[in-house]
file data-v9.cif (mmCIF, C-alpha atoms)
data_work
#
loop_
_atom_site.label_atom_id
_atom_site.label_comp_id
_atom_site.auth_asym_id
_atom_site.auth_seq_id
_atom_site.Cartn_x
_atom_site.Cartn_y
_atom_site.Cartn_z
CA GLN A 1 -257.58 -19.69 27.54
CA ARG A 2 -258.21 -21.72 30.70
CA PHE A 3 -256.80 -24.78 28.92
CA LEU A 4 -253.53 -22.93 28.30
CA ILE A 5 -252.92 -21.76 31.87
CA ASP A 6 -254.80 -24.15 34.20
CA PRO A 7 -252.77 -27.33 34.98
CA ASP A 8 -255.94 -29.16 36.07
CA PHE A 9 -257.57 -28.59 32.68
CA ASN A 10 -255.44 -30.88 30.55
CA LYS A 11 -257.59 -31.93 27.60
CA LEU A 12 -259.36 -29.86 24.96
CA ALA A 13 -261.06 -30.94 21.75
CA ILE A 14 -262.12 -28.34 19.15
CA PHE A 15 -264.54 -29.49 16.46
CA LEU A 16 -265.10 -27.26 13.44
CA PRO A 17 -267.95 -28.47 11.24
CA PRO A 18 -267.47 -28.19 7.47
CA GLN A 19 -269.52 -25.54 5.67
CA HIS A 20 -269.31 -23.00 8.48
CA GLY A 21 -268.39 -19.35 8.43
CA LYS A 22 -266.55 -18.83 5.14
CA PHE A 23 -269.63 -18.96 2.89
CA ILE A 24 -269.75 -16.66 -0.18
CA GLN A 25 -272.56 -16.71 -2.73
CA LYS A 26 -271.70 -19.23 -5.44
CA ASP A 27 -272.27 -17.01 -8.51
CA ILE A 28 -269.87 -14.21 -7.60
CA PRO A 29 -267.01 -14.21 -10.17
CA VAL A 30 -263.46 -14.86 -8.97
CA LEU A 31 -260.44 -14.05 -11.14
CA THR A 32 -258.07 -16.99 -11.53
CA THR A 33 -254.80 -17.20 -13.46
CA LYS A 34 -256.81 -18.67 -16.36
CA GLY A 35 -259.73 -16.25 -16.30
CA PHE A 36 -262.93 -15.90 -14.33
CA LYS A 37 -264.71 -18.76 -12.57
CA SER A 38 -267.73 -18.53 -10.31
CA HIS A 39 -266.99 -19.02 -6.62
CA GLY A 40 -269.01 -22.25 -6.68
CA GLU A 41 -266.85 -23.66 -9.51
CA LEU A 42 -263.51 -23.26 -7.72
CA VAL A 43 -261.72 -26.49 -6.93
CA ALA A 44 -258.41 -27.54 -5.37
CA GLY A 45 -255.58 -26.73 -7.77
CA ASP A 46 -257.08 -23.50 -9.12
CA PHE A 47 -255.01 -20.36 -8.59
CA VAL A 48 -256.79 -17.21 -7.46
CA PHE A 49 -255.16 -13.93 -6.37
CA GLY A 50 -254.27 -12.92 -2.82
CA GLN A 51 -254.48 -9.54 -1.14
CA ASP A 52 -250.80 -9.08 -2.03
CA GLY A 53 -251.62 -9.45 -5.75
CA LYS A 54 -249.82 -12.79 -6.06
CA PRO A 55 -251.41 -16.06 -7.30
CA LYS A 56 -252.61 -18.30 -4.45
CA GLU A 57 -253.55 -21.96 -4.72
CA VAL A 58 -257.04 -23.12 -3.79
CA LEU A 59 -256.51 -26.00 -1.34
CA GLY A 60 -260.08 -27.22 -1.14
CA SER A 61 -263.78 -26.41 -1.44
CA SER A 62 -266.74 -27.33 0.74
CA GLY A 63 -269.03 -27.85 -2.24
CA VAL A 64 -272.20 -25.85 -2.78
CA TYR A 65 -274.82 -25.70 -0.01
CA GLU A 66 -277.59 -23.38 1.19
CA TRP A 67 -277.05 -20.63 3.79
CA ASN A 68 -278.43 -17.31 4.97
CA THR A 69 -276.54 -14.25 3.68
CA VAL A 70 -276.01 -10.56 4.29
CA ASN A 71 -274.88 -7.89 1.84
CA ILE A 72 -271.79 -5.89 2.76
CA SER A 73 -271.38 -2.67 0.74
CA PHE A 74 -268.34 -0.46 0.16
CA ASP A 75 -267.76 3.21 -0.59
CA ASN A 76 -266.86 2.64 -4.26
CA GLY A 77 -270.30 1.17 -4.97
CA SER A 78 -269.29 -2.51 -4.83
CA SER A 79 -270.81 -5.18 -2.59
CA VAL A 80 -270.43 -8.85 -1.60
CA GLU A 81 -273.08 -11.36 -0.55
CA CYS A 82 -271.74 -13.61 2.18
CA ALA A 83 -272.58 -15.34 5.46
CA LYS A 84 -272.85 -13.19 8.57
CA GLU A 85 -270.05 -15.39 10.01
CA HIS A 86 -267.70 -14.66 7.08
CA LEU A 87 -264.34 -13.18 8.13
CA TRP A 88 -262.79 -9.89 6.99
CA SER A 89 -259.30 -8.53 7.61
CA LEU A 90 -260.05 -4.94 8.60
CA LEU A 91 -258.25 -1.72 9.42
CA ILE A 92 -260.02 -0.48 12.56
CA GLU A 93 -259.68 3.03 14.00
CA ARG A 94 -260.92 3.44 17.56
CA ASP A 95 -260.97 6.50 19.82
CA ASP A 96 -257.59 5.72 21.41
CA ARG A 97 -255.54 7.84 18.96
CA LYS A 98 -253.40 4.85 17.98
CA GLY A 99 -254.41 5.07 14.33
CA ARG A 100 -255.76 2.17 12.34
CA VAL A 101 -254.91 -1.32 13.53
CA LYS A 102 -255.41 -4.61 11.67
CA GLU A 103 -258.03 -6.95 13.11
CA ILE A 104 -260.07 -9.91 11.85
CA HIS A 105 -263.83 -9.83 12.45
CA GLU A 106 -266.96 -11.64 11.36
CA THR A 107 -269.32 -9.67 9.14
CA GLN A 108 -271.99 -9.56 11.86
CA GLU A 109 -269.54 -8.03 14.35
CA ILE A 110 -268.17 -5.21 12.19
CA PHE A 111 -270.53 -2.47 13.28
CA LYS A 112 -270.79 -3.74 16.85
CA ILE A 113 -267.24 -2.46 17.26
CA LYS A 114 -266.86 1.14 18.38
CA ASN A 115 -265.20 2.95 15.46
CA ARG A 116 -264.09 6.54 15.04
CA ARG A 117 -264.34 6.07 11.27
CA ASN A 118 -265.81 3.30 9.16
CA PRO A 119 -263.71 0.11 9.08
CA ALA A 120 -261.65 -0.32 5.92
CA ILE A 121 -260.07 -3.05 3.82
CA GLN A 122 -256.67 -2.58 2.20
CA ILE A 123 -257.02 -3.20 -1.54
CA SER A 124 -254.55 -5.34 -3.45
CA PRO A 125 -251.62 -3.84 -5.37
CA SER A 126 -251.14 -4.57 -9.07
CA LEU A 127 -251.60 -8.27 -9.82
CA GLU A 128 -248.28 -10.06 -10.31
CA LEU A 129 -248.31 -11.84 -13.67
CA ILE A 130 -245.76 -12.73 -16.33
CA GLU A 131 -245.30 -10.89 -19.62
CA ARG A 132 -247.15 -12.31 -22.62
CA LYS A 133 -246.67 -12.14 -26.39
CA PHE A 134 -249.48 -10.34 -28.25
CA LYS A 135 -250.22 -9.77 -31.90
CA ILE A 136 -251.48 -6.26 -31.13
CA ASP A 137 -249.27 -3.95 -29.11
CA PRO A 138 -251.13 -3.17 -25.82
CA TYR A 139 -250.82 0.61 -26.25
CA VAL A 140 -252.11 0.50 -29.83
CA LEU A 141 -254.98 -1.75 -28.77
CA GLY A 142 -255.84 0.77 -26.05
CA CYS A 143 -255.89 3.59 -28.58
CA TRP A 144 -258.17 1.60 -30.89
CA LEU A 145 -260.51 0.69 -28.02
CA GLY A 146 -260.73 4.35 -27.07
CA ASP A 147 -261.03 6.11 -30.46
CA GLY A 148 -260.85 3.41 -33.12
CA THR A 149 -263.43 2.40 -35.71
CA SER A 150 -265.16 -0.76 -34.49
CA LYS A 151 -265.11 -2.39 -37.94
CA GLY A 152 -261.86 -0.94 -39.18
CA GLY A 153 -258.23 -0.26 -38.39
CA SER A 154 -258.40 3.51 -38.14
CA ILE A 155 -258.14 6.01 -35.28
CA THR A 156 -260.28 9.13 -35.15
CA SER A 157 -257.83 11.74 -33.91
CA ASP A 158 -255.84 14.73 -35.12
CA ASP A 159 -253.37 14.60 -32.23
CA LYS A 160 -249.89 14.45 -33.77
CA GLU A 161 -248.32 13.36 -30.46
CA LEU A 162 -250.68 10.35 -30.33
CA ILE A 163 -249.99 9.37 -33.95
CA GLU A 164 -246.24 9.55 -33.40
CA LYS A 165 -246.55 7.35 -30.33
CA ILE A 166 -248.43 4.69 -32.36
CA LYS A 167 -245.72 4.85 -35.02
CA SER A 168 -243.07 4.31 -32.33
CA LYS A 169 -244.71 0.93 -31.62
CA GLY A 170 -243.73 -0.27 -35.11
CA TYR A 171 -246.96 0.51 -37.00
CA ASN A 172 -247.30 2.36 -40.29
CA VAL A 173 -249.90 5.11 -39.93
CA SER A 174 -251.35 7.06 -42.86
CA LYS A 175 -253.72 10.01 -43.13
CA GLN A 176 -257.17 9.14 -44.44
CA ASN A 177 -259.65 11.24 -46.40
CA SER A 178 -261.57 12.30 -43.31
CA LYS A 179 -260.27 15.32 -41.42
CA TYR A 180 -259.48 13.41 -38.23
CA GLY A 181 -258.88 9.87 -39.50
CA TYR A 182 -255.63 7.88 -39.53
CA GLY A 183 -255.36 4.30 -40.74
CA ILE A 184 -253.07 1.79 -39.02
CA LEU A 185 -251.68 -0.64 -41.58
CA GLY A 186 -252.25 -4.31 -40.74
CA LEU A 187 -254.45 -3.63 -37.72
CA VAL A 188 -257.66 -5.00 -39.28
CA LYS A 189 -256.06 -8.42 -39.78
CA GLN A 190 -254.85 -8.49 -36.18
CA LEU A 191 -258.28 -7.44 -34.90
CA ARG A 192 -259.94 -10.28 -36.79
CA GLU A 193 -257.43 -12.79 -35.45
CA GLU A 194 -258.10 -11.64 -31.88
CA GLY A 195 -261.90 -11.68 -32.29
CA LEU A 196 -262.07 -7.92 -31.80
CA TYR A 197 -263.28 -6.79 -35.23
CA GLY A 198 -266.73 -5.28 -34.65
CA ASN A 199 -266.52 -6.47 -31.04
CA LYS A 200 -264.69 -3.98 -28.83
CA HIS A 201 -263.57 -5.49 -25.55
CA ILE A 202 -260.38 -6.31 -23.65
CA PRO A 203 -259.42 -9.98 -24.14
CA ILE A 204 -258.86 -11.73 -20.80
CA GLU A 205 -255.27 -12.51 -21.88
CA TYR A 206 -254.47 -8.79 -21.68
CA ILE A 207 -255.98 -8.58 -18.17
CA LEU A 208 -253.73 -11.52 -17.22
CA SER A 209 -250.55 -9.96 -18.61
CA SER A 210 -247.69 -8.20 -16.84
CA THR A 211 -248.13 -4.92 -15.00
CA ASN A 212 -246.16 -3.07 -17.69
CA GLN A 213 -248.32 -4.48 -20.50
CA ARG A 214 -251.54 -3.60 -18.64
CA MET A 215 -250.24 -0.08 -17.97
CA GLU A 216 -249.47 0.36 -21.68
CA LEU A 217 -253.00 -0.77 -22.53
CA LEU A 218 -254.45 1.68 -20.01
CA ARG A 219 -252.29 4.54 -21.33
CA GLY A 220 -253.62 3.94 -24.84
CA ILE A 221 -257.21 4.00 -23.55
CA MET A 222 -256.63 7.12 -21.45
CA ASP A 223 -254.69 9.01 -24.17
CA THR A 224 -257.67 8.63 -26.51
CA ASP A 225 -260.75 8.45 -24.30
CA GLY A 226 -259.67 9.50 -20.81
CA SER A 227 -259.41 12.80 -19.01
CA CYS A 228 -257.70 14.29 -15.98
CA ASP A 229 -258.98 17.23 -13.93
CA LYS A 230 -256.87 19.92 -12.31
CA LYS A 231 -256.70 17.94 -9.06
CA GLY A 232 -255.16 14.94 -10.84
CA ARG A 233 -258.27 12.76 -10.72
CA VAL A 234 -258.59 10.53 -13.77
CA GLU A 235 -261.83 9.57 -15.50
CA PHE A 236 -262.90 7.26 -18.30
CA SER A 237 -266.45 7.69 -19.59
CA GLN A 238 -268.12 5.27 -21.95
CA LYS A 239 -271.51 3.89 -22.94
CA GLU A 240 -272.56 1.09 -20.59
CA GLY A 241 -271.48 -2.29 -21.89
CA LYS A 242 -268.74 -4.91 -22.03
CA LEU A 243 -265.90 -2.46 -22.73
CA SER A 244 -266.68 -0.25 -19.73
CA LYS A 245 -266.66 -3.29 -17.43
CA ASP A 246 -263.37 -4.46 -18.95
CA VAL A 247 -261.74 -1.06 -18.39
CA TYR A 248 -262.93 -1.05 -14.78
CA LEU A 249 -261.33 -4.48 -14.22
CA LEU A 250 -258.13 -3.35 -15.94
CA VAL A 251 -257.80 -0.29 -13.70
CA ARG A 252 -258.61 -2.27 -10.58
CA SER A 253 -256.09 -5.02 -11.54
CA LEU A 254 -253.37 -2.35 -11.52
CA GLY A 255 -253.93 -1.57 -7.85
CA PHE A 256 -256.12 1.54 -8.10
CA LYS A 257 -259.19 2.03 -5.96
CA THR A 258 -261.80 2.54 -8.64
CA SER A 259 -265.43 3.67 -8.74
CA TYR A 260 -267.96 2.53 -11.35
CA ARG A 261 -271.02 4.77 -11.65
CA VAL A 262 -273.88 4.26 -14.10
CA LEU A 263 -275.65 7.48 -15.12
CA ASP A 264 -278.30 8.56 -17.62
CA MET A 265 -277.15 9.76 -21.04
CA LYS A 266 -279.24 12.71 -22.20
CA LEU A 267 -279.78 14.37 -25.56
CA ASN A 268 -281.78 17.60 -25.62
CA GLY A 269 -282.99 16.80 -22.12
CA ASN A 270 -284.19 13.29 -23.02
CA VAL A 271 -282.66 10.07 -21.63
CA VAL A 272 -281.24 8.10 -24.57
CA GLY A 273 -279.27 5.43 -22.72
CA LYS A 274 -276.81 4.75 -19.91
CA LYS A 275 -273.20 5.81 -19.54
CA VAL A 276 -270.49 4.70 -17.13
CA ARG A 277 -268.00 6.91 -15.28
CA ILE A 278 -264.87 5.14 -14.07
CA CYS A 279 -262.82 7.34 -11.73
CA PHE A 280 -259.60 6.85 -9.80
CA SER A 281 -256.69 8.87 -8.44
CA PRO A 282 -253.10 7.93 -9.37
CA ASN A 283 -250.10 9.08 -7.38
CA LYS A 284 -248.33 12.26 -8.44
CA ASP A 285 -245.37 10.33 -9.89
CA GLU A 286 -247.38 7.76 -11.90
CA LEU A 287 -247.39 7.87 -15.70
CA LEU A 288 -251.00 7.43 -16.85
CA PHE A 289 -250.80 9.37 -20.14
CA TYR A 290 -248.21 9.73 -22.85
CA LEU A 291 -249.95 12.92 -24.01
CA GLU A 292 -248.17 15.71 -22.17
CA ARG A 293 -251.18 18.01 -21.88
CA LYS A 294 -252.99 15.33 -19.83
CA GLN A 295 -250.07 13.90 -17.86
CA CYS A 296 -248.91 17.32 -16.67
CA ARG A 297 -252.07 17.58 -14.53
CA ILE A 298 -250.99 14.50 -12.57
CA TYR A 299 -247.43 15.71 -12.13
CA SER A 300 -248.59 19.17 -11.01
CA LYS A 301 -251.40 18.20 -8.67
CA ILE A 302 -251.17 19.81 -5.24
CA GLN A 303 -253.36 17.48 -3.20
CA GLU A 304 -251.39 15.04 -1.03
CA ASP A 305 -251.52 11.34 -1.95
CA ARG A 306 -253.23 9.77 1.07
CA GLU A 307 -253.31 6.11 2.08
CA ASP A 308 -257.12 6.19 2.16
CA LYS A 309 -257.25 5.95 -1.62
CA TYR A 310 -255.94 2.39 -1.30
CA ARG A 311 -258.70 1.38 1.11
CA LEU A 312 -262.30 0.28 0.68
CA PHE A 313 -264.48 1.68 3.45
CA ILE A 314 -267.43 -0.41 4.59
CA GLN A 315 -270.62 1.58 4.21
CA GLY A 316 -273.21 -0.82 5.55
CA ILE A 317 -274.47 -4.35 6.06
CA LYS A 318 -278.00 -5.42 5.16
CA GLU A 319 -279.93 -8.65 5.55
CA GLY A 320 -279.72 -10.75 2.41
CA ARG A 321 -281.45 -14.00 1.50
CA ARG A 322 -281.10 -17.73 1.81
CA THR A 323 -279.15 -18.87 -1.22
CA LEU A 324 -276.53 -21.26 -2.55
CA GLY A 325 -272.82 -20.74 -1.98
CA ASN A 326 -269.65 -22.39 -0.76
CA CYS A 327 -266.47 -22.03 1.29
CA ILE A 328 -262.96 -22.42 -0.08
CA GLN A 329 -259.58 -22.86 1.55
CA VAL A 330 -256.84 -20.69 0.02
CA ASP A 331 -253.10 -20.82 0.63
CA GLY A 332 -252.24 -17.76 2.70
CA GLY A 333 -255.79 -17.15 3.92
CA MET A 334 -256.72 -14.12 1.75
CA TYR A 335 -258.13 -13.97 -1.78
CA LEU A 336 -259.91 -11.54 -4.11
CA VAL A 337 -263.57 -11.90 -5.04
CA GLY A 338 -265.80 -10.21 -7.61
CA GLU A 339 -264.94 -8.06 -10.59
CA ASP A 340 -264.08 -5.42 -7.98
CA LEU A 341 -261.25 -7.71 -6.69
CA ILE A 342 -262.29 -7.27 -3.05
CA PRO A 343 -259.90 -8.86 -0.53
CA THR A 344 -261.64 -11.32 1.78
CA HIS A 345 -260.60 -13.95 4.29
CA ASN A 346 -261.00 -17.68 4.63
CA SER A 347 -261.17 -18.95 8.20
CA GLU A 348 -257.87 -20.20 9.62
CA LEU A 349 -257.81 -18.98 13.22
CA THR A 350 -258.03 -22.49 14.66
CA SER A 351 -256.35 -24.48 11.92
CA ARG A 352 -253.27 -22.27 11.58
CA LYS A 353 -253.15 -19.78 14.47
CA PHE A 354 -254.33 -21.56 17.62
CA ALA A 355 -251.48 -24.09 17.81
CA PRO A 356 -248.55 -21.60 17.63
CA HIS A 357 -250.41 -19.31 20.05
CA ALA A 358 -250.86 -22.22 22.49
CA PHE A 359 -247.22 -23.36 22.18
CA GLY A 360 -246.09 -19.80 22.86
CA ILE A 361 -247.85 -19.93 26.22
CA ASN A 362 -247.09 -23.57 27.05
CA PRO A 363 -244.33 -25.26 24.98
CA ASP A 364 -245.02 -28.61 26.69
CA LEU A 365 -248.44 -29.05 25.13
CA LYS A 366 -249.16 -31.92 22.76
CA ILE A 367 -251.50 -31.00 19.93
CA ALA A 368 -252.98 -33.18 17.19
CA LEU A 369 -254.55 -31.55 14.16
CA ALA A 370 -256.95 -33.68 12.11
CA SER A 371 -258.58 -32.95 8.76
CA TYR A 372 -260.68 -34.75 6.17
CA SER A 373 -257.81 -34.19 3.69
CA SER A 374 -254.20 -35.28 4.17
CA ASN A 375 -253.08 -32.40 1.93
CA LEU A 376 -254.83 -29.89 4.18
CA ALA A 377 -253.42 -31.46 7.34
CA ASN A 378 -249.89 -31.31 5.89
CA SER A 379 -250.46 -27.73 4.80
CA PHE A 380 -251.64 -26.74 8.28
CA ASN A 381 -248.60 -28.42 9.83
CA ARG A 382 -246.13 -26.59 7.55
CA ASP A 383 -247.81 -23.23 8.12
CA ILE A 384 -247.83 -23.70 11.90
CA GLN A 385 -244.11 -24.44 11.86
CA LYS A 386 -243.48 -21.33 9.74
CA VAL A 387 -245.36 -19.18 12.28
CA ILE A 388 -243.35 -20.66 15.15
CA ASP A 389 -240.05 -20.18 13.27
CA SER A 390 -240.89 -16.53 12.59
#
call {"tool": "encode", "arguments": {"input": "data-v9.cif", "output": "structure tokens"}}
result
Amino acid sequence: QRFLIDPDFNKLAIFLPPQHGKFIQKDIPVLTTKGFKSHGELVAGDFVFGQDGKPKEVLGSSGVYEWNTVNISFDNGSSVECAKEHLWSLLIERDDRKGRVKEIHETQEIFKIKNRRNPAIQISPSLELIERKFKIDPYVLGCWLGDGTSKGGSITSDDKELIEKIKSKGYNVSKQNSKYGYGILGLVKQLREEGLYGNKHIPIEYILSSTNQRMELLRGIMDTDGSCDKKGRVEFSQKEGKLSKDVYLLVRSLGFKTSYRVLDMKLNGNVVGKKVRICFSPNKDELLFYLERKQCRIYSKIQEDREDKYRLFIQGIKEGRRTLGNCIQVDGGMYLVGEDLIPTHNSELTSRKFAPHAFGINPDLKIALASYSSNLANSFNRDIQKVIDS
């Protein structure tokens, strides 16, 4: 600050060493436009997703190195292992009655700030992706994942509204010998072609499809295997495994704050396995079910839709370990990490924000920005000009 206002202090050099501050543990998965990669595998040219749900280009990576970490945990049960210097874009609420304000802080500083309530992170909206062509209609696939026979093309249901909805997607459905069974003609062949026969999961291509296609998939799952309570809170319960993790990612990719709880399954008082409860709360006007008896509970819920349900609240920070990880540079500064799609920050306060701040105070300054990469230097220059122009 002295450099900006003191005429006798006319030179300033800022050196930022590589591999400092943005470190995240290398094995945490990161969703790209081509599927998951570990954080340590990301390279320039990959496209991850930003806090706004849009694809963002990875501009560079530090490479993997060793660093001390902390674990930052959130109220939905998720956590991230990162450096104590790692940056987070937070919504902070102090005791000044001004409401939540957006600030950027290092992990180690978060709970040194005086807060009226725990700091929060705004989750991303639905990921923005293009529509794809699929052999299996997303809604029908959702129904099969929820109530279908793993090694067959039948649905176990006696719900006439559900059967009619499947028929409306262009499938021939016939009653089977069992009381609650309906066969879907041609589905077995499609399941085999997609690698789903005897292997229930959501192919990554469906996760990387348009918002409408993902919503149709979710509606099929929820119509068959989901529930909604009188307060409009939605739940999907399933045996722990690949499918439950896929459903969690699907819901989270659609912009819902989602919890994933693993509980004991009991039979006659004895633990026989683990089950997963996936819970979230849609807005009153959102269509989550085609089955009227379920959807009406969302439309008729009384509880107000609050902004807090789109925020992850930080619960605590604990000492971690010394482990391998890396830093990446992302266009726009924010990207999503983990299967929980948690928005985090890559450091850009000096590279992108200091210069326009300095010019705003003293337009006569001369500033040179140097980088190990010409692409990064050009990128910084363009972004600085955009900030000044705005």
call {"tool": "closest_atom_pairs", "arguments": {"input": "data-v9.cif", "of": "region 266-354 of chain A", "to": "region 121-137 of chain A", "cutoff": "7 Å", "atoms": "only C-alpha atoms", "output": "JSON lines"}}
result
{"residue": "A:Tyr310", "atom": "CA", "partner": "A:Ile123", "partner_atom": "CA", "distance": 5.7}
{"residue": "A:Arg311", "atom": "CA", "partner": "A:Gln122", "partner_atom": "CA", "distance": 4.6}
{"residue": "A:Leu312", "atom": "CA", "partner": "A:Ile121", "partner_atom": "CA", "distance": 5.1}
{"residue": "A:Phe313", "atom": "CA", "partner": "A:Ile121", "partner_atom": "CA", "distance": 6.5}
{"residue": "A:Ile342", "atom": "CA", "partner": "A:Ile123", "partner_atom": "CA", "distance": 6.8}
{"residue": "A:Pro343", "atom": "CA", "partner": "A:Ile123", "partner_atom": "CA", "distance": 6.4}
call {"tool": "resolve_selection", "arguments": {"input": "data-v9.cif", "expression": "the PyMOL selection byres ((chain A and resi 1) around 12)", "output": "PyMOL selection string"}}
result
chain A and resi 2-7+9-10+12+354+357-358+361-362
call {"tool": "closest_atom_pairs", "arguments": {"input": "data-v9.cif", "of": "region 179-265 of chain A", "to": "region 147-152 of chain A", "cutoff": "9 Å", "atoms": "only C-alpha atoms", "output": "JSON lines"}}
result
{"residue": "A:Gly183", "atom": "CA", "partner": "A:Gly152", "partner_atom": "CA", "distance": 8.5}
{"residue": "A:Leu187", "atom": "CA", "partner": "A:Gly152", "partner_atom": "CA", "distance": 8.0}
{"residue": "A:Val188", "atom": "CA", "partner": "A:Gly152", "partner_atom": "CA", "distance": 5.8}
{"residue": "A:Leu191", "atom": "CA", "partner": "A:Gly152", "partner_atom": "CA", "distance": 8.6}
{"residue": "A:Leu196", "atom": "CA", "partner": "A:Ser150", "partner_atom": "CA", "distance": 8.2}
{"residue": "A:Tyr197", "atom": "CA", "partner": "A:Lys151", "partner_atom": "CA", "distance": 5.5}
{"residue": "A:Gly198", "atom": "CA", "partner": "A:Lys151", "partner_atom": "CA", "distance": 4.7}
{"residue": "A:Asn199", "atom": "CA", "partner": "A:Ser150", "partner_atom": "CA", "distance": 6.8}
{"residue": "A:Lys200", "atom": "CA", "partner": "A:Ser150", "partner_atom": "CA", "distance": 6.5}
{"residue": "A:Ile221", "atom": "CA", "partner": "A:Asp147", "partner_atom": "CA", "distance": 8.2}
{"residue": "A:Thr224", "atom": "CA", "partner": "A:Asp147", "partner_atom": "CA", "distance": 5.8}
{"residue": "A:Asp225", "atom": "CA", "partner": "A:Asp147", "partner_atom": "CA", "distance": 6.6}
call {"tool": "resolve_selection", "arguments": {"input": "data-v9.cif", "expression": "the PyMOL selection byres ((chain A and resi 273-289) around 7)", "output": "MDAnalysis selection string"}}
result
chainID A and resid 219 222:223 232:240 244 248 256:265 271:272 290:291 294:295 298:299 301 305
call {"tool": "residues_near_point", "arguments": {"input": "data-v9.cif", "point": "(-273.4, 0.2, -1.8)", "cutoff": "12 Å", "atoms": "all atoms listed in the file", "output": "NGL selection string"}}
result
:A and (71-81 or 259-261 or 312-318)
call {"tool": "closest_atom_pairs", "arguments": {"input": "data-v9.cif", "of": "region 274-378 of chain A", "to": "region 43-67 of chain A", "cutoff": "9 Å", "atoms": "only C-alpha atoms", "output": "CSV"}}
result
residue,atom,partner,partner_atom,distance
A:Arg321,CA,A:Trp67,CA,8.3
A:Arg322,CA,A:Trp67,CA,5.4
A:Thr323,CA,A:Glu66,CA,5.3
A:Leu324,CA,A:Glu66,CA,4.4
A:Gly325,CA,A:Val64,CA,5.2
A:Asn326,CA,A:Val64,CA,4.7
A:Cys327,CA,A:Ser62,CA,5.3
A:Ile328,CA,A:Ser61,CA,4.3
A:Gln329,CA,A:Gly60,CA,5.1
A:Val330,CA,A:Val58,CA,4.5
A:Asp331,CA,A:Glu57,CA,5.5
A:Gly332,CA,A:Lys56,CA,7.2
A:Gly333,CA,A:Gly50,CA,8.1
A:Met334,CA,A:Gly50,CA,5.3
A:Tyr335,CA,A:Gly50,CA,4.1
A:Leu336,CA,A:Phe49,CA,5.8
A:Val337,CA,A:Phe49,CA,8.8
A:Leu341,CA,A:Phe49,CA,8.7
A:Ile342,CA,A:Gln51,CA,8.4
A:Pro343,CA,A:Gln51,CA,5.5
A:Thr344,CA,A:Gln51,CA,7.9
A:Ser373,CA,A:Gly60,CA,8.8
A:Asn375,CA,A:Leu59,CA,8.0
A:Leu376,CA,A:Leu59,CA,7.0
call {"tool": "write_last_selection", "arguments": {"input": "data-v9.cif", "atoms": "C-alpha atoms", "output": "short mmCIF file (atom, residue, chain, number, x, y, z; two decimals), in the frame of the given file"}}
result
data_model
loop_
_atom_site.label_atom_id
_atom_site.label_comp_id
_atom_site.auth_asym_id
_atom_site.auth_seq_id
_atom_site.Cartn_x
_atom_site.Cartn_y
_atom_site.Cartn_z
CA ARG A 321 -281.45 -14.00 1.50
CA ARG A 322 -281.10 -17.73 1.81
CA THR A 323 -279.15 -18.87 -1.22
CA LEU A 324 -276.53 -21.26 -2.55
CA GLY A 325 -272.82 -20.74 -1.98
CA ASN A 326 -269.65 -22.39 -0.76
CA CYS A 327 -266.47 -22.03 1.29
CA ILE A 328 -262.96 -22.42 -0.08
CA GLN A 329 -259.58 -22.86 1.55
CA VAL A 330 -256.84 -20.69 0.02
CA ASP A 331 -253.10 -20.82 0.63
CA GLY A 332 -252.24 -17.76 2.70
CA GLY A 333 -255.79 -17.15 3.92
CA MET A 334 -256.72 -14.12 1.75
CA TYR A 335 -258.13 -13.97 -1.78
CA LEU A 336 -259.91 -11.54 -4.11
CA VAL A 337 -263.57 -11.90 -5.04
CA LEU A 341 -261.25 -7.71 -6.69
CA ILE A 342 -262.29 -7.27 -3.05
CA PRO A 343 -259.90 -8.86 -0.53
CA THR A 344 -261.64 -11.32 1.78
CA SER A 373 -257.81 -34.19 3.69
CA ASN A 375 -253.08 -32.40 1.93
CA LEU A 376 -254.83 -29.89 4.18
#
call {"tool": "closest_residue", "arguments": {"input": "data-v9.cif", "among": "A:Lys114, A:Lys98, A:Lys22, A:Lys309", "to": "Thr69 (chain A)", "atoms": "only C-alpha atoms"}}
result
A:Lys22
call {"tool": "atom_distance", "arguments": {"input": "data-v9.cif", "atom1": "CA of Arg94 (chain A)", "atom2": "CA of Arg116 (chain A)"}}
result
5.1 Å
call {"tool": "closest_residue", "arguments": {"input": "data-v9.cif", "among": "A:Ile163, A:Ile367, A:Ile28, A:Ile207", "to": "Tyr182 (chain A)", "atoms": "only C-alpha atoms"}}
result
A:Ile163
call {"tool": "atom_distance", "arguments": {"input": "data-v9.cif", "atom1": "CA of Gly142 (chain A)", "atom2": "CA of Arg293 (chain A)"}}
result
18.3 Å
call {"tool": "atom_distance", "arguments": {"input": "data-v9.cif", "atom1": "CA of Asn118 (chain A)", "atom2": "CA of Glu307 (chain A)"}}
result
14.6 Å
call {"tool": "closest_residue", "arguments": {"input": "data-v9.cif", "among": "A:Ala370, A:Leu267, A:Leu254, A:Ile92", "to": "Asp340 (chain A)", "atoms": "all atoms listed in the file"}}
result
A:Leu254
call {"tool": "resolve_selection", "arguments": {"input": "data-v9.cif", "expression": "the PyMOL selection byres ((chain A and resi 208) around 8)", "output": "PyMOL selection string"}}
result
chain A and resi 33-35+129+204-207+209-210
call {"tool": "residues_around", "arguments": {"input": "data-v9.cif", "residues": "Val101 (chain A)", "least_positions_apart": "2", "cutoff": "12 Å", "atoms": "only C-alpha atoms", "output": "MDAnalysis selection string"}}
result
chainID A and resid 89:99 103:104 115 119:122
call {"tool": "closest_residue", "arguments": {"input": "data-v9.cif", "among": "A:Arg352, A:Lys366, A:Lys230, A:Arg192", "to": "Ile384 (chain A)", "atoms": "all atoms listed in the file"}}
result
A:Arg352
call {"tool": "residues_around", "arguments": {"input": "data-v9.cif", "residues": "Ser38 (chain A)", "least_positions_apart": "2", "cutoff": "8 Å", "atoms": "all atoms listed in the file", "output": "list in words"}}
result
Lys26, Asp27, Ile28, Pro29, Val30, Phe36, Gly40, Glu41 and Leu42 of chain A
